[in-house]
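Q: To be precise about what I am sending: the file is called protein.cif and holds mmCIF, C-alpha atoms.
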```
data_input
#
loop_
_atom_site.label_atom_id
_atom_site.label_comp_id
_atom_site.auth_asym_id
_atom_site.auth_seq_id
_atom_site.Cartn_x
_atom_site.Cartn_y
_atom_site.Cartn_z
CA MET A 231 122.06 139.48 68.07
CA GLY A 232 125.54 140.69 67.24
CA ARG A 233 127.58 143.11 69.28
CA GLY A 234 126.14 146.59 69.26
CA ALA A 235 122.86 145.57 67.63
CA SER A 236 119.93 147.73 68.74
CA ARG A 237 116.73 146.63 70.45
CA ALA A 238 113.39 148.29 69.99
CA ASP A 239 113.80 150.09 73.32
CA GLY A 240 117.15 151.49 72.27
CA GLU A 241 119.30 149.35 74.60
CA ARG A 242 122.40 147.73 73.11
CA ARG A 243 122.87 143.98 73.16
CA ASP A 244 126.40 142.69 73.40
CA ALA A 245 127.18 139.27 71.96
CA LEU A 246 128.76 136.87 74.44
CA PRO A 247 132.20 135.43 73.70
CA LEU A 248 132.54 131.74 72.97
CA LEU A 249 133.98 129.67 75.80
CA THR A 250 136.94 128.76 73.59
CA THR A 251 138.08 132.41 73.58
CA ILE A 252 138.84 132.30 77.32
CA ALA A 253 142.56 131.71 77.80
CA ALA A 254 143.04 128.35 79.51
CA ASP A 255 145.96 129.61 81.62
CA ALA A 256 143.89 132.51 82.98
CA TRP A 257 141.07 130.05 83.69
CA ARG A 258 143.41 127.71 85.54
CA ARG A 259 144.72 130.56 87.68
CA LEU A 260 141.15 131.54 88.56
CA ALA A 261 140.38 127.93 89.53
CA THR A 262 143.23 127.94 92.06
CA ARG A 263 141.77 131.06 93.70
CA ALA A 264 138.07 130.19 93.51
CA ILE A 265 135.86 131.03 96.46
CA GLU A 266 134.18 127.63 96.15
CA PRO A 267 135.24 124.44 94.35
CA ASN A 268 133.54 123.03 91.26
CA GLY A 269 135.42 120.23 89.56
CA TYR A 270 133.06 120.29 86.60
CA TYR A 271 134.01 123.84 85.64
CA LEU A 272 137.74 123.20 85.69
CA PRO A 273 139.12 124.21 82.28
CA ASP A 274 140.51 120.81 81.29
CA TRP A 275 137.11 119.26 81.99
CA GLU A 276 134.73 121.87 80.61
CA LEU A 277 136.80 122.62 77.50
CA ALA A 278 136.82 118.90 76.71
CA VAL A 279 133.03 118.80 77.18
CA ASN A 280 132.66 121.85 74.96
CA ALA A 281 134.88 120.33 72.26
CA SER A 282 132.98 117.11 71.61
CA ALA A 283 130.41 115.97 74.21
CA THR A 284 127.14 115.37 72.39
CA GLY A 285 124.70 118.25 72.84
CA ARG A 286 127.12 120.23 75.00
CA THR A 287 129.38 121.95 72.46
CA GLY A 288 129.43 125.56 71.25
CA VAL A 289 129.00 127.09 74.71
CA SER A 290 129.32 130.82 75.42
CA ALA A 291 130.90 132.45 78.45
CA LEU A 292 130.09 135.07 81.03
CA ALA A 293 133.57 136.26 81.99
CA ALA A 294 134.69 138.93 84.47
CA TRP A 295 138.12 140.53 84.29
CA SER A 296 139.97 142.80 86.71
CA ALA A 297 142.35 145.37 85.25
CA SER A 298 144.20 146.11 88.47
CA PRO A 299 147.05 145.58 89.13
CA SER A 300 147.13 143.59 85.85
CA PRO A 301 144.40 141.97 83.74
CA ARG A 302 143.23 138.70 85.29
CA LEU A 303 140.14 136.53 85.09
CA ILE A 304 138.11 136.86 88.31
CA GLY A 305 134.83 135.19 87.36
CA LEU A 306 133.58 132.63 84.84
CA LEU A 307 130.29 130.92 84.04
CA PRO A 308 129.71 128.88 80.86
CA VAL A 309 126.19 129.59 79.53
CA ILE A 310 123.72 128.76 76.78
CA SER A 311 120.44 130.37 75.74
CA GLY A 312 117.08 129.46 77.22
CA TRP A 313 116.02 128.35 73.75
CA ARG A 314 118.90 125.90 73.46
CA ALA A 315 118.44 124.61 77.01
CA PHE A 316 114.66 124.16 77.03
CA ARG A 317 113.37 125.27 73.62
CA LEU A 318 111.75 128.25 75.31
CA PRO A 319 111.74 131.44 73.17
CA LEU A 320 112.30 133.70 76.17
CA PRO A 321 115.15 136.13 76.98
CA PHE A 322 117.14 134.22 79.57
CA LEU A 323 120.49 132.47 79.89
CA VAL A 324 121.16 129.08 81.50
CA SER A 325 124.35 127.69 83.02
CA ALA A 326 125.83 125.19 80.58
CA SER A 327 125.75 121.52 81.57
CA PRO A 328 129.33 120.32 82.21
CA TYR A 329 128.42 116.62 82.08
CA GLY A 330 128.09 116.81 85.83
CA THR A 331 125.42 117.98 88.24
CA LEU A 332 126.99 121.21 89.50
CA THR A 333 127.18 124.62 87.85
CA THR A 334 128.41 126.84 90.68
CA PRO A 335 130.36 129.63 88.92
CA LEU A 336 134.06 130.15 89.52
CA LEU A 337 134.60 133.39 91.47
CA GLU A 338 137.90 134.87 92.64
CA ARG A 339 137.84 134.57 96.44
CA ASN A 340 139.23 138.07 97.03
CA ASP A 341 137.00 139.76 94.44
CA ALA A 342 133.86 137.62 94.51
CA PRO A 343 131.26 140.43 94.71
CA GLU A 344 133.00 142.39 91.95
CA ALA A 345 133.27 139.28 89.80
CA LEU A 346 129.65 138.24 90.25
CA THR A 347 128.39 141.78 89.61
CA ALA A 348 130.33 141.83 86.34
CA LEU A 349 128.91 138.44 85.30
CA LEU A 350 125.33 139.55 85.94
CA ASP A 351 125.85 142.86 84.15
CA GLN A 352 127.30 141.05 81.15
CA ALA A 353 124.28 138.74 81.00
CA ARG A 354 121.98 141.76 81.14
CA ARG A 355 123.88 143.55 78.36
CA ALA A 356 123.48 140.41 76.25
CA GLY A 357 119.70 140.88 76.43
CA ALA A 358 118.90 138.39 79.21
CA HIS A 359 116.17 139.22 81.72
CA THR A 360 117.07 136.32 84.00
CA LEU A 361 119.92 133.89 84.52
CA LEU A 362 119.18 130.30 85.55
CA LEU A 363 121.88 128.43 87.44
CA ARG A 364 121.10 124.73 87.27
CA ASP A 365 122.33 122.54 90.14
CA MET A 366 123.75 125.38 92.23
CA ALA A 367 125.14 124.61 95.69
CA LEU A 368 123.11 126.62 98.21
CA ASP A 369 125.25 126.35 101.33
CA GLY A 370 128.53 127.69 99.96
CA ALA A 371 130.28 131.02 99.61
CA ALA A 372 129.23 131.52 95.99
CA MET A 373 125.52 131.46 96.88
CA ALA A 374 126.10 133.76 99.85
CA THR A 375 127.85 136.22 97.53
CA LEU A 376 125.03 135.99 94.98
CA THR A 377 122.39 136.67 97.62
CA ALA A 378 124.29 139.71 98.91
CA VAL A 379 124.91 141.17 95.44
CA LEU A 380 121.24 140.83 94.51
CA ALA A 381 120.12 142.30 97.84
CA SER A 382 122.22 145.39 97.15
CA ARG A 383 120.06 145.85 94.03
CA GLY A 384 116.78 145.22 95.82
CA LEU A 385 116.49 141.77 94.24
CA ALA A 386 116.45 138.18 95.47
CA PRO A 387 117.13 134.79 93.87
CA CYS A 388 114.29 132.31 93.39
CA LEU A 389 114.91 128.67 94.25
CA LEU A 390 113.39 126.11 91.91
CA GLN A 391 113.30 122.56 93.28
CA PRO A 392 115.76 122.59 96.22
CA ARG A 393 117.01 119.07 96.92
CA ARG A 394 119.64 117.31 99.01
CA ARG A 395 122.18 114.77 97.85
CA ALA A 396 124.82 112.68 99.56
CA SER A 397 128.14 114.17 100.59
CA LEU A 398 131.08 113.07 102.71
CA ASP A 399 132.74 114.93 105.57
CA ALA A 400 136.26 113.73 104.84
CA THR A 401 137.69 115.32 107.99
CA ARG A 402 136.12 112.52 110.04
CA ASP A 403 137.53 109.09 110.76
CA ALA A 404 136.49 106.76 107.94
CA ASP A 405 135.51 103.87 110.20
CA GLU A 406 133.23 106.18 112.20
CA VAL A 407 131.64 107.49 108.99
CA LEU A 408 130.96 103.99 107.72
CA HIS A 409 129.69 102.72 111.08
CA ASP A 410 127.35 105.70 111.47
CA GLY A 411 126.07 105.29 107.93
CA LEU A 412 125.71 101.54 107.56
CA GLY A 413 125.69 100.18 111.09
CA ALA A 414 127.53 97.16 112.48
CA LYS A 415 125.21 94.55 110.96
CA LYS A 416 125.48 95.85 107.38
CA LEU A 417 129.26 96.27 107.67
CA LYS A 418 129.55 92.68 108.89
CA GLU A 419 127.59 91.51 105.85
CA LEU A 420 129.83 93.54 103.52
CA ARG A 421 132.94 92.03 105.13
CA ARG A 422 131.45 88.57 104.56
CA GLN A 423 130.86 89.42 100.90
CA ARG A 424 134.43 90.68 100.58
CA HIS A 425 135.79 87.44 102.02
CA ARG A 426 133.75 85.48 99.49
CA LEU A 427 134.98 87.80 96.74
CA ALA A 428 138.55 86.97 97.77
CA GLU A 429 137.91 83.40 96.61
CA HIS A 430 138.33 84.85 93.09
CA GLY A 431 141.74 86.33 93.98
CA ASP A 432 143.19 88.97 96.26
CA VAL A 433 140.88 91.96 96.57
CA VAL A 434 142.95 95.05 95.77
CA PHE A 435 141.96 98.74 95.65
CA THR A 436 144.13 100.92 93.42
CA VAL A 437 144.26 104.65 92.69
CA ALA A 438 145.53 105.83 89.29
CA ARG A 439 147.00 109.34 89.49
CA SER A 440 149.52 110.05 86.74
CA PRO A 441 148.24 110.86 83.22
CA ALA A 442 149.49 107.52 81.87
CA GLU A 443 147.99 105.55 84.78
CA VAL A 444 144.72 107.42 84.50
CA ALA A 445 144.49 106.90 80.73
CA ALA A 446 144.97 103.14 81.18
CA ALA A 447 142.51 102.93 84.08
CA LEU A 448 139.95 104.93 82.09
CA GLU A 449 139.78 102.19 79.44
CA ILE A 450 139.00 99.67 82.19
CA PHE A 451 136.28 101.97 83.50
CA LEU A 452 134.75 102.40 80.03
CA VAL A 453 134.56 98.65 79.51
CA LEU A 454 132.92 98.13 82.91
CA GLU A 455 130.41 100.93 82.35
CA ALA A 456 129.45 99.67 78.89
CA GLY A 457 129.00 96.15 80.25
CA GLY A 458 126.38 97.24 82.79
CA TRP A 459 122.90 98.74 82.68
CA LYS A 460 124.13 101.95 81.06
CA GLY A 461 125.41 99.91 78.16
CA LYS A 462 122.06 98.16 77.85
CA ARG A 463 120.33 101.56 77.72
CA GLY A 464 122.90 102.90 75.25
CA THR A 465 124.03 105.70 77.59
CA ALA A 466 127.57 104.54 78.42
CA LEU A 467 130.26 107.08 77.59
CA SER A 468 132.04 104.78 75.13
CA GLN A 469 128.86 104.27 73.10
CA ASP A 470 128.85 107.86 71.84
CA THR A 471 131.76 109.05 69.74
CA GLY A 472 131.63 112.60 71.05
CA ASP A 473 131.28 111.57 74.69
CA ALA A 474 134.12 109.08 74.40
CA ALA A 475 136.38 111.75 72.88
CA PHE A 476 135.48 114.15 75.70
CA ILE A 477 136.29 111.79 78.55
CA ARG A 478 139.52 110.55 76.93
CA ARG A 479 140.69 114.16 76.63
CA ALA A 480 139.45 115.43 80.00
CA VAL A 481 140.72 112.76 82.37
CA PRO A 482 144.44 112.75 81.43
CA GLY A 483 144.37 116.55 81.17
CA LEU A 484 143.09 116.89 84.72
CA ALA A 485 145.55 114.27 85.94
CA GLU A 486 148.40 116.53 84.77
CA ALA A 487 147.34 118.95 87.52
CA ALA A 488 146.49 116.23 90.08
CA GLN A 489 142.78 117.01 89.63
CA CYS A 490 141.57 113.54 88.66
CA GLU A 491 141.96 110.00 89.96
CA ILE A 492 140.50 106.73 88.79
CA ILE A 493 139.82 104.18 91.51
CA THR A 494 139.59 100.47 90.69
CA LEU A 495 138.74 97.36 92.68
CA HIS A 496 140.24 94.07 91.50
CA ALA A 497 139.53 90.49 92.46
CA GLY A 498 142.76 88.82 91.44
CA ARG A 499 143.49 90.03 87.91
CA THR A 500 139.87 90.92 87.21
CA PRO A 501 138.69 94.54 87.59
CA ILE A 502 135.20 94.41 89.10
CA ALA A 503 134.47 98.09 89.74
CA ALA A 504 135.96 101.46 88.80
CA GLY A 505 135.10 105.10 89.36
CA ILE A 506 136.19 108.54 88.20
CA VAL A 507 136.91 111.10 90.93
CA LEU A 508 137.62 114.78 90.23
CA ARG A 509 139.48 117.00 92.69
CA HIS A 510 139.27 120.78 93.03
CA LEU A 511 140.75 122.68 95.97
CA ASP A 512 139.70 120.77 99.11
CA ARG A 513 136.76 118.87 97.60
CA ALA A 514 136.40 115.63 95.64
CA PHE A 515 133.62 114.89 93.13
CA TYR A 516 132.45 111.30 92.55
CA PHE A 517 131.61 111.44 88.84
CA LYS A 518 130.69 107.97 87.61
CA ILE A 519 131.05 104.32 88.51
CA GLY A 520 131.14 101.15 86.44
CA ILE A 521 130.86 97.57 87.72
CA ASP A 522 131.19 94.04 86.41
CA GLU A 523 127.67 92.73 86.91
CA ARG A 524 128.92 89.13 87.04
CA PHE A 525 130.05 89.99 90.57
CA ALA A 526 126.85 91.80 91.55
CA LYS A 527 126.13 89.50 94.51
CA PHE A 528 129.32 90.82 96.15
CA SER A 529 128.16 94.48 95.96
CA PRO A 530 131.18 95.70 93.97
CA GLY A 531 129.96 99.31 93.75
CA VAL A 532 129.48 99.49 97.50
CA GLN A 533 132.85 97.81 98.14
CA LEU A 534 134.56 100.35 95.87
CA THR A 535 132.82 103.24 97.66
CA LEU A 536 133.89 101.92 101.07
CA ASP A 537 137.51 101.98 99.90
CA LEU A 538 137.05 105.43 98.37
CA THR A 539 135.68 106.70 101.69
CA ARG A 540 138.76 105.46 103.51
CA HIS A 541 141.00 106.91 100.80
CA LEU A 542 139.43 110.38 100.97
CA CYS A 543 139.26 110.51 104.77
CA ALA A 544 142.98 109.69 104.90
CA ASP A 545 143.85 112.51 102.48
CA PRO A 546 144.67 115.75 104.35
CA GLY A 547 144.07 117.77 101.17
CA ILE A 548 140.39 116.76 100.97
CA ARG A 549 137.83 118.06 103.44
CA SER A 550 134.62 116.99 101.70
CA ALA A 551 133.31 114.99 98.78
CA ASP A 552 130.24 115.61 96.64
CA SER A 553 128.56 112.44 95.40
CA THR A 554 127.02 114.45 92.50
CA ALA A 555 124.41 111.68 92.52
CA ALA A 556 120.66 112.03 92.32
CA PRO A 557 118.98 112.68 95.69
CA GLY A 558 117.93 109.43 97.31
CA HIS A 559 120.48 107.38 95.35
CA PRO A 560 120.15 103.81 96.69
CA MET A 561 123.88 103.06 96.73
CA ILE A 562 125.58 106.23 97.96
CA ASP A 563 122.94 107.73 100.27
CA PRO A 564 123.24 105.07 103.03
CA ILE A 565 127.06 105.30 103.00
CA TRP A 566 127.62 109.06 102.86
CA ARG A 567 125.11 110.50 105.32
CA GLY A 568 126.17 114.13 104.90
CA ARG A 569 123.88 116.19 102.68
CA LEU A 570 124.62 118.94 100.17
CA THR A 571 121.67 121.18 99.34
CA ILE A 572 121.43 122.15 95.69
CA SER A 573 118.78 123.89 93.61
CA ASP A 574 118.12 125.49 90.29
CA VAL A 575 118.43 129.21 91.05
CA LEU A 576 116.64 131.83 88.95
CA ILE A 577 118.36 135.21 89.10
CA PRO A 578 116.39 138.32 88.09
CA LEU A 579 118.47 140.79 86.10
CA ARG A 580 115.86 143.52 85.57
CA SER A 581 113.86 144.76 88.52
CA GLY A 582 110.10 144.76 88.00
CA HIS A 583 110.23 143.74 84.34
CA PRO A 584 107.22 141.57 83.35
CA ALA A 585 109.47 139.18 81.43
CA VAL A 586 111.09 138.11 84.71
CA ALA A 587 107.77 136.92 86.15
CA MET A 588 106.88 135.28 82.84
CA ILE A 589 110.10 133.28 82.71
CA HIS A 590 109.63 132.22 86.33
CA ALA A 591 106.07 131.03 85.67
CA VAL A 592 106.98 129.16 82.50
CA LEU A 593 109.87 127.35 84.18
CA ARG A 594 107.61 126.29 87.06
CA LEU A 595 104.96 125.01 84.64
CA ARG A 596 107.60 123.13 82.69
CA GLN A 597 108.93 121.47 85.85
CA SER A 598 105.41 120.54 86.98
CA ALA A 599 104.79 118.86 83.63
CA ILE A 600 108.08 116.94 83.87
CA ASP A 601 107.28 115.82 87.42
CA GLY A 602 103.85 114.62 86.29
CA LEU A 603 105.30 112.62 83.41
CA ARG A 604 107.90 111.14 85.73
CA ARG A 605 105.20 109.94 88.15
CA VAL A 606 103.29 108.33 85.28
CA ALA A 607 106.45 106.60 84.05
CA GLN A 608 107.16 105.28 87.55
CA LYS A 609 103.66 103.87 87.82
CA LEU A 610 103.98 102.20 84.44
CA ARG A 611 107.32 100.67 85.39
CA GLY A 612 105.81 99.54 88.68
#
```
Translate the structure of the given file into structure tokens.
A:
Amino acid sequence: MGRGASRADGERRDALPLLTTIAADAWRRLATRAIEPNGYYLPDWELAVNASATGRTGVSALAAWSASPSPRLIGLLPVISGWRAFRLPLPFLVSASPYGTLTTPLLERNDAPEALTALLDQARRAGAHTLLLRDMALDGAAMATLTAVLASRGLAPCLLQPRRRASLDATRDADEVLHDGLGAKKLKELRRQRHRLAEHGDVVFTVARSPAEVAAALEIFLVLEAGGWKGKRGTALSQDTGDAAFIRRAVPGLAEAAQCEIITLHAGRTPIAAGIVLRHLDRAFYFKIGIDERFAKFSPGVQLTLDLTRHLCADPGIRSADSTAAPGHPMIDPIWRGRLTISDVLIPLRSGHPAVAMIHAVLRLRQSAIDGLRRVAQKLRG
């Protein structure tokens, strides 16, 4: 419905602005003052996603502005309709997927309650009865603010599928982290593999930081990713024109602000593993990894992650790292033993309205059906 269009009950519905109407400079300033980091909602990343990533373009925005002492952006959440997200013809909004598994909104640290209240009110004025935040971090300041704002209205968030994924406490000594996670025996085996890998040439870990370095390293990453199992499934970034355009725009753009690095492990002149790491405030985000499967017996993905762990723990600007991997991931979980609790969070916007309960029930039924199909698929693969 367009701005000012009337509903049957007489309430106005305000159309949401497109994400592209949010000034990038205002967005960047908000990101530097955010109450909680989210590398996937940085403007250079999310605007690149919105511009070309397949199935993720044309996103709208919930945006909160403060007029005092001068107009500034104090809250932002990219959103899409429930119909677009799940093909459900129900009045709810869903946090837009930023090609990463985290949709914690950006909230000004000094005005977080005001910002979040404005975001929720804007969603309500747009006709939404609920707002679904997919992959929301539960242990951070943003969730604490959300819980308090809803409590002041006599409401409470509903958690759908809480889960825990690997994270790194980068304030610790890297050798202690790795010893606690893998144990002496496994580390000895990995050192043996690394020595054998050195028979192919010096094993060197590099970090690309400047836009030019990152752009060059990205092409290496894309080749490695496409040469592995993702390429066989047809899901590598370079295999989709829109996805390739997104990542080639996003990574150098973030590198301009020191918000992206590409890590690479070489054996001699041969790159055998590479990964993309985003940085926001004091947190790193391990986006994707690609490996040369010809070297699989040397555990190149694990070797790269060991070096990344040492790199992050030695960086005084980074206090933690989010694996952004699926819970129970067989590679990262044994190495990073910290855990970040995330969940889909359903936020009621209208107290006591029957549509709120209906949306909740439908989403639970949908998830139950997906879980059932997933179990069947696992049995068939088994």
Q: Nearest to A:Leu363: which of A:Asn280, A:Ser598, A:Ser573, A:Ser382 is it, counting all atoms listed in the file?
A: A:Ser573
Q: If the PyMOL selection byres ((chain A and resi 401) around 8) were run on this exact file, what residues would it hold? Put them as a PyMOL selection string.
A: chain A and resi 399-400+402-403+543+546+548-550
Q: Kindly export the residues of the current selection with C-alpha atoms, as a tab-separated table (two decimals), keeping the file's coordinate frame.
A:
```
chain	number	residue	atom	x	y	z
A	399	ASP	CA	132.74	114.93	105.57
A	400	ALA	CA	136.26	113.73	104.84
A	402	ARG	CA	136.12	112.52	110.04
A	403	ASP	CA	137.53	109.09	110.76
A	543	CYS	CA	139.26	110.51	104.77
A	546	PRO	CA	144.67	115.75	104.35
A	548	ILE	CA	140.39	116.76	100.97
A	549	ARG	CA	137.83	118.06	103.44
A	550	SER	CA	134.62	116.99	101.70
```
Q: Any idea what's packed within 6 Å of A:Ala504, counting all atoms listed in the file, ignoring anything in its chain fewer than 4 positions away? Could you give it as a ChimeraX atom specification?
A: /A:451,493-494,519-520
Q: Got a sec: who's within 9 Å of A:Leu349, counting only C-alpha atoms, leaving out chain neighbours fewer than 3 positions off, as an NGL selection string?
A: :A and (292-294 or 305-307 or 344-346 or 352-354)
Q: For A:Gly285, please output as a PyMOL selection string all residues within 10 Å (counting only C-alpha atoms; exclusion window: fewer than 6 positions along the same chain).
A: chain A and resi 279+314-315+327+472-473
Q: Using atom CA of A:Trp257 and atom CA of A:Arg302 as the two end points, give the distance in Å to one decimal.
A: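 Atom-to-atom, atom CA of A:Trp257 and atom CA of A:Arg302 are spaced 9.1 Å apart.
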Q: Which of these, A:Gly269, A:Pro578, A:Pro343, A:Pro530, has the shortest distance to A:Pro501 once you count all atoms listed in the file?
A: A:Pro530
Q: Take atom CA of A:Phe517 and atom CA of A:Leu336 and report the distance between them in Å, one decimal.
A: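 Between these atoms lies a distance of 18.9 Å.
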Q: Can you work out which one of A:Thr539, A:Ala264, A:Leu570, A:Ala526 has the shortest atom-to-atom distance to A:Gln423, counting only C-alpha atoms?
A: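 Of the candidates, the smallest distance to A:Gln423 is held by A:Ala526.
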Q: Given only C-alpha atoms as the basis, pick out the residue of A:Thr436, A:Gln489, A:Thr250, A:Thr360 nearest to A:Gly547.
A: A:Gln489
Q: Name all residues at most 10 Å from A:Gly384 (count only C-alpha atoms; drop same-chain ones fewer than 5 positions away) and give them as a PyMOL selection string.
A: chain A and resi 378-379+581
Q: Which residues, written as a VMD selection string, have at least one atom at most 8 Å from A:Ala555, with all atoms listed in the file counted and residues fewer than 3 positions away on the same chain left out?
A: chain A and resid 331 395 to 396 559 562
Q: Would you write out those residues with C-alpha atoms, as a PDB file, keeping the file's coordinate frame?
A:
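selection.pdb, written as the output of this step:
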```pdb
ATOM      1  CA  THR A 331     125.420 117.980  88.240  1.00  0.00           C
ATOM      2  CA  ARG A 395     122.180 114.770  97.850  1.00  0.00           C
ATOM      3  CA  ALA A 396     124.820 112.680  99.560  1.00  0.00           C
ATOM      4  CA  HIS A 559     120.480 107.380  95.350  1.00  0.00           C
ATOM      5  CA  ILE A 562     125.580 106.230  97.960  1.00  0.00           C
TER       6      ILE A 562
END
```
Q: Name the closest residue to A:Ile492 among the candidates A:Asp255, A:Asp405, A:Glu338, A:Glu449; distances are taken between atoms, counting all atoms listed in the file.
A: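 The answer is A:Glu449, which sits nearest to A:Ile492.
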Q: What is the distance, in Å and to one decimal place, between atom CA of A:Leu323 and atom CA of A:Val289?
A: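 These atoms are spaced 11.3 Å apart.
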Q: List, as a list in words, every residue that the PyMOL selection byres ((chain A and resi 397) around 6) selects in the file provided.
A: Ala396, Leu398, Ala551, Asp552, Ser553, Trp566, Gly568, Arg569 and Leu570 of chain A
Q: Taking into account all atoms listed in the file, which residue in the set A:Leu576, A:Leu249, A:Leu332, A:Leu593 is nearest to A:Ala281?
A: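 Answer, going by the shortest atom-to-atom distance: A:Leu249.
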Q: Carefully work through the PyMOL selection byres ((chain A and resi 319) around 12) for this structure and note down the residues it includes, as an MDAnalysis selection string.
A: chainID A and resid 311:318 320:323 358 585 588:589 592:593
